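Trainee: Hey, dropping run26.pdb in here, PDB, C-alpha atoms, pLDDT in the B column:
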ATOM      1  CA  MET A  10       4.789 -17.455 -15.379  1.00 65.00           C
ATOM      2  CA  SER A  11       4.253 -13.861 -16.308  1.00 77.00           C
ATOM      3  CA  GLU A  12       6.618 -11.770 -18.370  1.00 92.00           C
ATOM      4  CA  TRP A  13       8.871  -9.159 -16.764  1.00 96.00           C
ATOM      5  CA  ILE A  14       7.350  -5.652 -16.746  1.00 97.00           C
ATOM      6  CA  ARG A  15       9.582  -2.581 -16.817  1.00 96.00           C
ATOM      7  CA  VAL A  16       8.927  -0.193 -13.917  1.00 94.00           C
ATOM      8  CA  GLU A  17       9.058   2.673 -16.432  1.00 93.00           C
ATOM      9  CA  ASP A  18       6.123   1.092 -18.299  1.00 96.00           C
ATOM     10  CA  ARG A  19       3.870   0.144 -15.387  1.00 95.00           C
ATOM     11  CA  LEU A  20       3.832  -0.490 -11.649  1.00 95.00           C
ATOM     12  CA  PRO A  21       1.598  -3.075  -9.962  1.00 95.00           C
ATOM     13  CA  GLU A  22      -2.034  -1.989  -9.823  1.00 93.00           C
ATOM     14  CA  LYS A  23      -2.674  -3.579  -6.439  1.00 90.00           C
ATOM     15  CA  ASP A  24      -1.373  -1.639  -3.443  1.00 88.00           C
ATOM     16  CA  PHE A  25       0.397  -3.472  -0.588  1.00 87.00           C
ATOM     17  CA  CYS A  26       1.159  -6.616  -2.563  1.00 91.00           C
ATOM     18  CA  TYR A  27       4.085  -8.953  -3.097  1.00 92.00           C
ATOM     19  CA  CYS A  28       5.859  -9.575  -6.392  1.00 94.00           C
ATOM     20  CA  LEU A  29       9.204 -10.545  -7.890  1.00 95.00           C
ATOM     21  CA  VAL A  30      11.600  -7.796  -8.921  1.00 95.00           C
ATOM     22  CA  SER A  31      14.808  -7.604 -10.879  1.00 94.00           C
ATOM     23  CA  ARG A  32      17.315  -5.038  -9.697  1.00 93.00           C
ATOM     24  CA  HIS A  33      20.904  -4.043 -10.333  1.00 90.00           C
ATOM     25  CA  TYR A  34      23.612  -2.141  -8.541  1.00 88.00           C
ATOM     26  CA  HIS A  35      23.504   1.419  -9.857  1.00 82.00           C
ATOM     27  CA  ARG A  36      27.281   1.618 -10.425  1.00 85.00           C
ATOM     28  CA  ASN A  37      27.414  -1.725 -12.196  1.00 87.00           C
ATOM     29  CA  PRO A  38      24.257  -2.675 -14.138  1.00 87.00           C
ATOM     30  CA  GLU A  39      25.789  -6.102 -14.839  1.00 91.00           C
ATOM     31  CA  LEU A  40      25.257  -7.042 -11.146  1.00 88.00           C
ATOM     32  CA  LYS A  41      21.622  -8.132 -11.534  1.00 92.00           C
ATOM     33  CA  SER A  42      19.560 -10.130  -9.064  1.00 93.00           C
ATOM     34  CA  VAL A  43      15.963 -11.264  -8.536  1.00 95.00           C
ATOM     35  CA  HIS A  44      14.143 -10.690  -5.239  1.00 94.00           C
ATOM     36  CA  TYR A  45      10.802 -11.293  -3.577  1.00 92.00           C
ATOM     37  CA  ALA A  46       9.503  -7.793  -2.803  1.00 90.00           C
ATOM     38  CA  PHE A  47       6.710  -5.869  -1.118  1.00 89.00           C
ATOM     39  CA  PHE A  48       5.126  -3.084  -3.191  1.00 91.00           C
ATOM     40  CA  THR A  49       3.266   0.037  -2.096  1.00 88.00           C
ATOM     41  CA  LYS A  50       1.920   2.888  -4.216  1.00 87.00           C
ATOM     42  CA  ASP A  51       2.509   5.333  -1.347  1.00 82.00           C
ATOM     43  CA  ARG A  52       6.090   6.543  -1.859  1.00 74.00           C
ATOM     44  CA  GLU A  53       5.996   8.640   1.304  1.00 73.00           C
ATOM     45  CA  TYR A  54       5.084   5.557   3.354  1.00 73.00           C
ATOM     46  CA  ALA A  55       7.866   3.610   1.681  1.00 69.00           C
ATOM     47  CA  ARG A  56      10.353   6.423   2.285  1.00 68.00           C
ATOM     48  CA  SER A  57       9.395   6.619   5.964  1.00 71.00           C
ATOM     49  CA  GLU A  58      10.165   2.911   6.295  1.00 63.00           C
ATOM     50  CA  LYS A  59      13.407   3.194   4.306  1.00 59.00           C
ATOM     51  CA  LYS A  60      15.603   5.818   5.920  1.00 52.00           C
ATOM     52  CA  TYR A  61      18.491   4.984   3.558  1.00 52.00           C
ATOM     53  CA  TYR A  62      16.492   5.573   0.368  1.00 56.00           C
ATOM     54  CA  SER A  63      18.117   7.905  -2.160  1.00 59.00           C
ATOM     55  CA  ARG A  64      15.931   9.022  -5.066  1.00 61.00           C
ATOM     56  CA  LYS A  65      19.015  10.336  -6.843  1.00 62.00           C
ATOM     57  CA  VAL A  66      20.502   6.836  -6.956  1.00 63.00           C
ATOM     58  CA  GLN A  67      17.473   4.531  -7.104  1.00 71.00           C
ATOM     59  CA  GLY A  68      15.156   6.677  -9.188  1.00 73.00           C
ATOM     60  CA  LYS A  69      11.612   7.654  -8.339  1.00 77.00           C
ATOM     61  CA  LEU A  70      10.057   4.285  -9.219  1.00 81.00           C
ATOM     62  CA  SER A  71      12.366   2.045  -7.184  1.00 84.00           C
ATOM     63  CA  VAL A  72      11.179   3.386  -3.818  1.00 81.00           C
ATOM     64  CA  HIS A  73       7.828   1.635  -4.240  1.00 85.00           C
ATOM     65  CA  PHE A  74       9.568  -1.693  -3.548  1.00 87.00           C
ATOM     66  CA  ASP A  75      11.028  -2.733  -0.199  1.00 84.00           C
ATOM     67  CA  VAL A  76      14.208  -4.044  -1.885  1.00 82.00           C
ATOM     68  CA  SER A  77      15.051  -0.501  -2.971  1.00 77.00           C
ATOM     69  CA  GLU A  78      18.011  -0.319  -0.649  1.00 77.00           C
ATOM     70  CA  ALA A  79      20.920   2.055  -1.046  1.00 75.00           C
ATOM     71  CA  GLY A  80      22.760   1.569  -4.317  1.00 79.00           C
ATOM     72  CA  PHE A  81      20.207  -0.698  -6.037  1.00 85.00           C
ATOM     73  CA  VAL A  82      17.780   0.194  -8.820  1.00 89.00           C
ATOM     74  CA  VAL A  83      14.611  -1.846  -9.355  1.00 92.00           C
ATOM     75  CA  THR A  84      14.162  -2.188 -13.120  1.00 93.00           C
ATOM     76  CA  HIS A  85      11.479  -4.855 -13.648  1.00 95.00           C
ATOM     77  CA  TRP A  86       8.748  -6.670 -11.726  1.00 96.00           C
ATOM     78  CA  MET A  87       6.263  -9.504 -12.237  1.00 96.00           C
ATOM     79  CA  PRO A  88       3.298 -10.824 -10.278  1.00 95.00           C
ATOM     80  CA  LEU A  89       3.819 -13.917  -8.189  1.00 93.00           C
ATOM     81  CA  PRO A  90       2.454 -17.136  -9.712  1.00 89.00           C
ATOM     82  CA  GLU A  91      -0.710 -18.646  -8.303  1.00 88.00           C
ATOM     83  CA  PRO A  92      -0.050 -21.041  -5.408  1.00 89.00           C
ATOM     84  CA  PRO A  93      -0.515 -24.766  -6.054  1.00 93.00           C
ATOM     85  CA  GLU A  94      -3.898 -26.339  -5.342  1.00 90.00           C
TER      86      GLU A  94
END
Can the structure from this file be put into structure tokens for me?
Mentor:
Amino acid sequence: MSEWIRVEDRLPEKDFCYCLVSRHYHRNPELKSVHYAFFTKDREYARSEKKYYSRKVQGKLSVHFDVSEAGFVVTHWMPLPEPPE
């Protein structure tokens, strides 16, 4: 599998793709979890689909992922592995 990539370092290059993300609750960074997520480069599109998005809480990079719900910060991502043959 791939290594985790920090969202501050790089976002996925492919628009409208799926990946794995690691996120934590913004008030308690120890509450970490891994999720299957949809990614889009278009933050305005993502914001229109996520009425509860808060840039102040999640940060500007989290909104690119559909698991950027209220109170959670996406910190890392990785591409999905290739499917089996």
Trainee: Just give me the gap between atom CA of Lys69 of chain A and atom CA of Glu39 of chain A in Å, one decimal is fine.
Mentor: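 Computing it gives 20.8 Å between the two atoms.
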Trainee: Compare A:Leu29, A:Ala46, A:Ala79, A:Met87 by their minimum atom-to-atom distance to Ser11 of chain A, counting all atoms listed in the file, and give me the closest one.
Mentor: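 Selected residue with least distance to Ser11 of chain A: A:Met87.
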Trainee: For each of A:Trp13, A:Asn37, A:Glu22, A:Tyr45, take the minimum atom-to-atom distance to Val76 of chain A, counting all atoms listed in the file, then give the residue where this is smallest.
Mentor: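 Among A:Trp13, A:Asn37, A:Glu22, A:Tyr45, it is A:Tyr45 that comes nearest to Val76 of chain A.
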Trainee: Can you measure atom CA of Leu89 of chain A to atom CA of Leu20 of chain A for me? One decimal in Å is fine.
Mentor: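 Answer for the atom CA of Leu89 of chain A to atom CA of Leu20 of chain A separation: 13.9 Å.
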Trainee: Starting from the PyMOL selection byres ((chain A and resi 83) around 9), expand the selection into actual residues of this file and give them as a ChimeraX atom specification.
Mentor: /A:16,30-33,67-68,70-72,74,76-77,81-82,84-86
Trainee: Output the selection as a tab-separated table (two decimals), in the coordinates of the input - C-alpha atoms for each residue.
Mentor:
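So again.tsv came out as:
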chain	number	residue	atom	x	y	z
A	16	VAL	CA	8.93	-0.19	-13.92
A	30	VAL	CA	11.60	-7.80	-8.92
A	31	SER	CA	14.81	-7.60	-10.88
A	32	ARG	CA	17.32	-5.04	-9.70
A	33	HIS	CA	20.90	-4.04	-10.33
A	67	GLN	CA	17.47	4.53	-7.10
A	68	GLY	CA	15.16	6.68	-9.19
A	70	LEU	CA	10.06	4.28	-9.22
A	71	SER	CA	12.37	2.04	-7.18
A	72	VAL	CA	11.18	3.39	-3.82
A	74	PHE	CA	9.57	-1.69	-3.55
A	76	VAL	CA	14.21	-4.04	-1.88
A	77	SER	CA	15.05	-0.50	-2.97
A	81	PHE	CA	20.21	-0.70	-6.04
A	82	VAL	CA	17.78	0.19	-8.82
A	84	THR	CA	14.16	-2.19	-13.12
A	85	HIS	CA	11.48	-4.86	-13.65
A	86	TRP	CA	8.75	-6.67	-11.73
Trainee: Would you mind reading off the distance between atom CA of Asp51 of chain A and atom CA of Pro21 of chain A, one decimal, in Å?
Mentor: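 Between atom CA of Asp51 of chain A and atom CA of Pro21 of chain A the gap works out to 12.1 Å.
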Trainee: Which one is closest to Phe47 of chain A: A:Arg19, A:Gly80, A:Glu94, A:Pro88? Count only C-alpha atoms.
Mentor: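 Looking at the shortest contact to Phe47 of chain A, the residue is A:Pro88.
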Trainee: Give me, as an mmCIF file with C-alpha atoms, keeping the file's coordinate frame, all polymer residues having an atom no more than 6 Å from Thr49 of chain A, counting only C-alpha atoms and skipping those fewer than 4 positions away in the same chain.
Mentor:
data_model
loop_
_atom_site.group_PDB
_atom_site.id
_atom_site.type_symbol
_atom_site.label_atom_id
_atom_site.label_comp_id
_atom_site.auth_asym_id
_atom_site.auth_seq_id
_atom_site.Cartn_x
_atom_site.Cartn_y
_atom_site.Cartn_z
ATOM 1 C CA ASP A 24 -1.373 -1.639 -3.443
ATOM 2 C CA PHE A 25 0.397 -3.472 -0.588
ATOM 3 C CA HIS A 73 7.828 1.635 -4.240
#
Trainee: Using the partial input, fill out segment 79-90 of chain A with all heavy atoms; write the result as an mmCIF file, in the frame of the given file.
Mentor:
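So result-v8.cif came out as:
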data_model
loop_
_atom_site.group_PDB
_atom_site.id
_atom_site.type_symbol
_atom_site.label_atom_id
_atom_site.label_comp_id
_atom_site.auth_asym_id
_atom_site.auth_seq_id
_atom_site.Cartn_x
_atom_site.Cartn_y
_atom_site.Cartn_z
ATOM 1 N N ALA A 79 19.891 1.148 -0.537
ATOM 2 C CA ALA A 79 20.920 2.055 -1.046
ATOM 3 C C ALA A 79 21.775 1.379 -2.110
ATOM 4 O O ALA A 79 22.302 0.296 -1.911
ATOM 5 C CB ALA A 79 21.792 2.539 0.101
ATOM 6 N N GLY A 80 21.890 2.037 -3.250
ATOM 7 C CA GLY A 80 22.760 1.569 -4.317
ATOM 8 C C GLY A 80 22.108 0.659 -5.334
ATOM 9 O O GLY A 80 22.733 0.323 -6.330
ATOM 10 N N PHE A 81 20.848 0.231 -5.114
ATOM 11 C CA PHE A 81 20.207 -0.698 -6.037
ATOM 12 C C PHE A 81 19.006 -0.061 -6.725
ATOM 13 O O PHE A 81 18.234 0.658 -6.113
ATOM 14 C CB PHE A 81 19.767 -1.972 -5.327
ATOM 15 C CG PHE A 81 20.920 -2.839 -4.947
ATOM 16 C CD1 PHE A 81 21.537 -2.696 -3.719
ATOM 17 C CD2 PHE A 81 21.409 -3.791 -5.834
ATOM 18 C CE1 PHE A 81 22.620 -3.486 -3.370
ATOM 19 C CE2 PHE A 81 22.486 -4.584 -5.495
ATOM 20 C CZ PHE A 81 23.091 -4.428 -4.265
ATOM 21 N N VAL A 82 18.870 -0.338 -8.007
ATOM 22 C CA VAL A 82 17.780 0.194 -8.820
ATOM 23 C C VAL A 82 16.873 -0.953 -9.240
ATOM 24 O O VAL A 82 17.341 -1.923 -9.842
ATOM 25 C CB VAL A 82 18.347 0.884 -10.086
ATOM 26 C CG1 VAL A 82 17.227 1.417 -10.952
ATOM 27 C CG2 VAL A 82 19.321 1.981 -9.712
ATOM 28 N N VAL A 83 15.586 -0.858 -8.905
ATOM 29 C CA VAL A 83 14.611 -1.846 -9.355
ATOM 30 C C VAL A 83 14.244 -1.491 -10.793
ATOM 31 O O VAL A 83 13.846 -0.369 -11.079
ATOM 32 C CB VAL A 83 13.364 -1.852 -8.454
ATOM 33 C CG1 VAL A 83 12.302 -2.800 -9.015
ATOM 34 C CG2 VAL A 83 13.740 -2.251 -7.030
ATOM 35 N N THR A 84 14.399 -2.457 -11.700
ATOM 36 C CA THR A 84 14.162 -2.188 -13.120
ATOM 37 C C THR A 84 12.922 -2.886 -13.666
ATOM 38 O O THR A 84 12.277 -2.370 -14.573
ATOM 39 C CB THR A 84 15.369 -2.628 -13.961
ATOM 40 O OG1 THR A 84 15.583 -4.034 -13.775
ATOM 41 C CG2 THR A 84 16.616 -1.843 -13.578
ATOM 42 N N HIS A 85 12.596 -4.061 -13.141
ATOM 43 C CA HIS A 85 11.479 -4.855 -13.648
ATOM 44 C C HIS A 85 10.745 -5.524 -12.481
ATOM 45 O O HIS A 85 11.320 -5.702 -11.406
ATOM 46 C CB HIS A 85 11.976 -5.959 -14.587
ATOM 47 C CG HIS A 85 12.584 -5.458 -15.840
ATOM 48 N ND1 HIS A 85 13.859 -4.929 -15.882
ATOM 49 C CD2 HIS A 85 12.110 -5.399 -17.105
ATOM 50 C CE1 HIS A 85 14.143 -4.575 -17.120
ATOM 51 N NE2 HIS A 85 13.093 -4.848 -17.879
ATOM 52 N N TRP A 86 9.517 -5.931 -12.723
ATOM 53 C CA TRP A 86 8.748 -6.670 -11.726
ATOM 54 C C TRP A 86 7.821 -7.644 -12.457
ATOM 55 O O TRP A 86 7.596 -7.528 -13.656
ATOM 56 C CB TRP A 86 7.938 -5.726 -10.844
ATOM 57 C CG TRP A 86 6.824 -5.020 -11.569
ATOM 58 C CD1 TRP A 86 6.927 -3.876 -12.306
ATOM 59 C CD2 TRP A 86 5.476 -5.439 -11.665
ATOM 60 N NE1 TRP A 86 5.715 -3.560 -12.853
ATOM 61 C CE2 TRP A 86 4.802 -4.496 -12.466
ATOM 62 C CE3 TRP A 86 4.763 -6.509 -11.146
ATOM 63 C CZ2 TRP A 86 3.449 -4.602 -12.756
ATOM 64 C CZ3 TRP A 86 3.412 -6.623 -11.429
ATOM 65 C CH2 TRP A 86 2.773 -5.670 -12.221
ATOM 66 N N MET A 87 7.295 -8.605 -11.714
ATOM 67 C CA MET A 87 6.263 -9.504 -12.237
ATOM 68 C C MET A 87 5.419 -10.000 -11.075
ATOM 69 O O MET A 87 5.902 -10.098 -9.942
ATOM 70 C CB MET A 87 6.850 -10.679 -13.026
ATOM 71 C CG MET A 87 7.519 -11.734 -12.203
ATOM 72 S SD MET A 87 7.865 -13.278 -13.098
ATOM 73 C CE MET A 87 8.809 -12.730 -14.486
ATOM 74 N N PRO A 88 4.144 -10.284 -11.337
ATOM 75 C CA PRO A 88 3.298 -10.824 -10.278
ATOM 76 C C PRO A 88 3.787 -12.206 -9.869
ATOM 77 O O PRO A 88 4.409 -12.915 -10.663
ATOM 78 C CB PRO A 88 1.910 -10.913 -10.901
ATOM 79 C CG PRO A 88 2.007 -10.354 -12.275
ATOM 80 C CD PRO A 88 3.442 -10.101 -12.588
ATOM 81 N N LEU A 89 3.489 -12.575 -8.643
ATOM 82 C CA LEU A 89 3.819 -13.917 -8.189
ATOM 83 C C LEU A 89 2.892 -14.916 -8.876
ATOM 84 O O LEU A 89 1.730 -14.581 -9.174
ATOM 85 C CB LEU A 89 3.636 -14.031 -6.675
ATOM 86 C CG LEU A 89 4.598 -13.208 -5.829
ATOM 87 C CD1 LEU A 89 4.215 -13.341 -4.352
ATOM 88 C CD2 LEU A 89 6.020 -13.658 -6.042
ATOM 89 N N PRO A 90 3.350 -16.128 -9.125
ATOM 90 C CA PRO A 90 2.454 -17.136 -9.712
ATOM 91 C C PRO A 90 1.399 -17.549 -8.691
ATOM 92 O O PRO A 90 1.554 -17.331 -7.489
ATOM 93 C CB PRO A 90 3.408 -18.290 -10.028
ATOM 94 C CG PRO A 90 4.561 -18.111 -9.129
ATOM 95 C CD PRO A 90 4.689 -16.627 -8.865
#
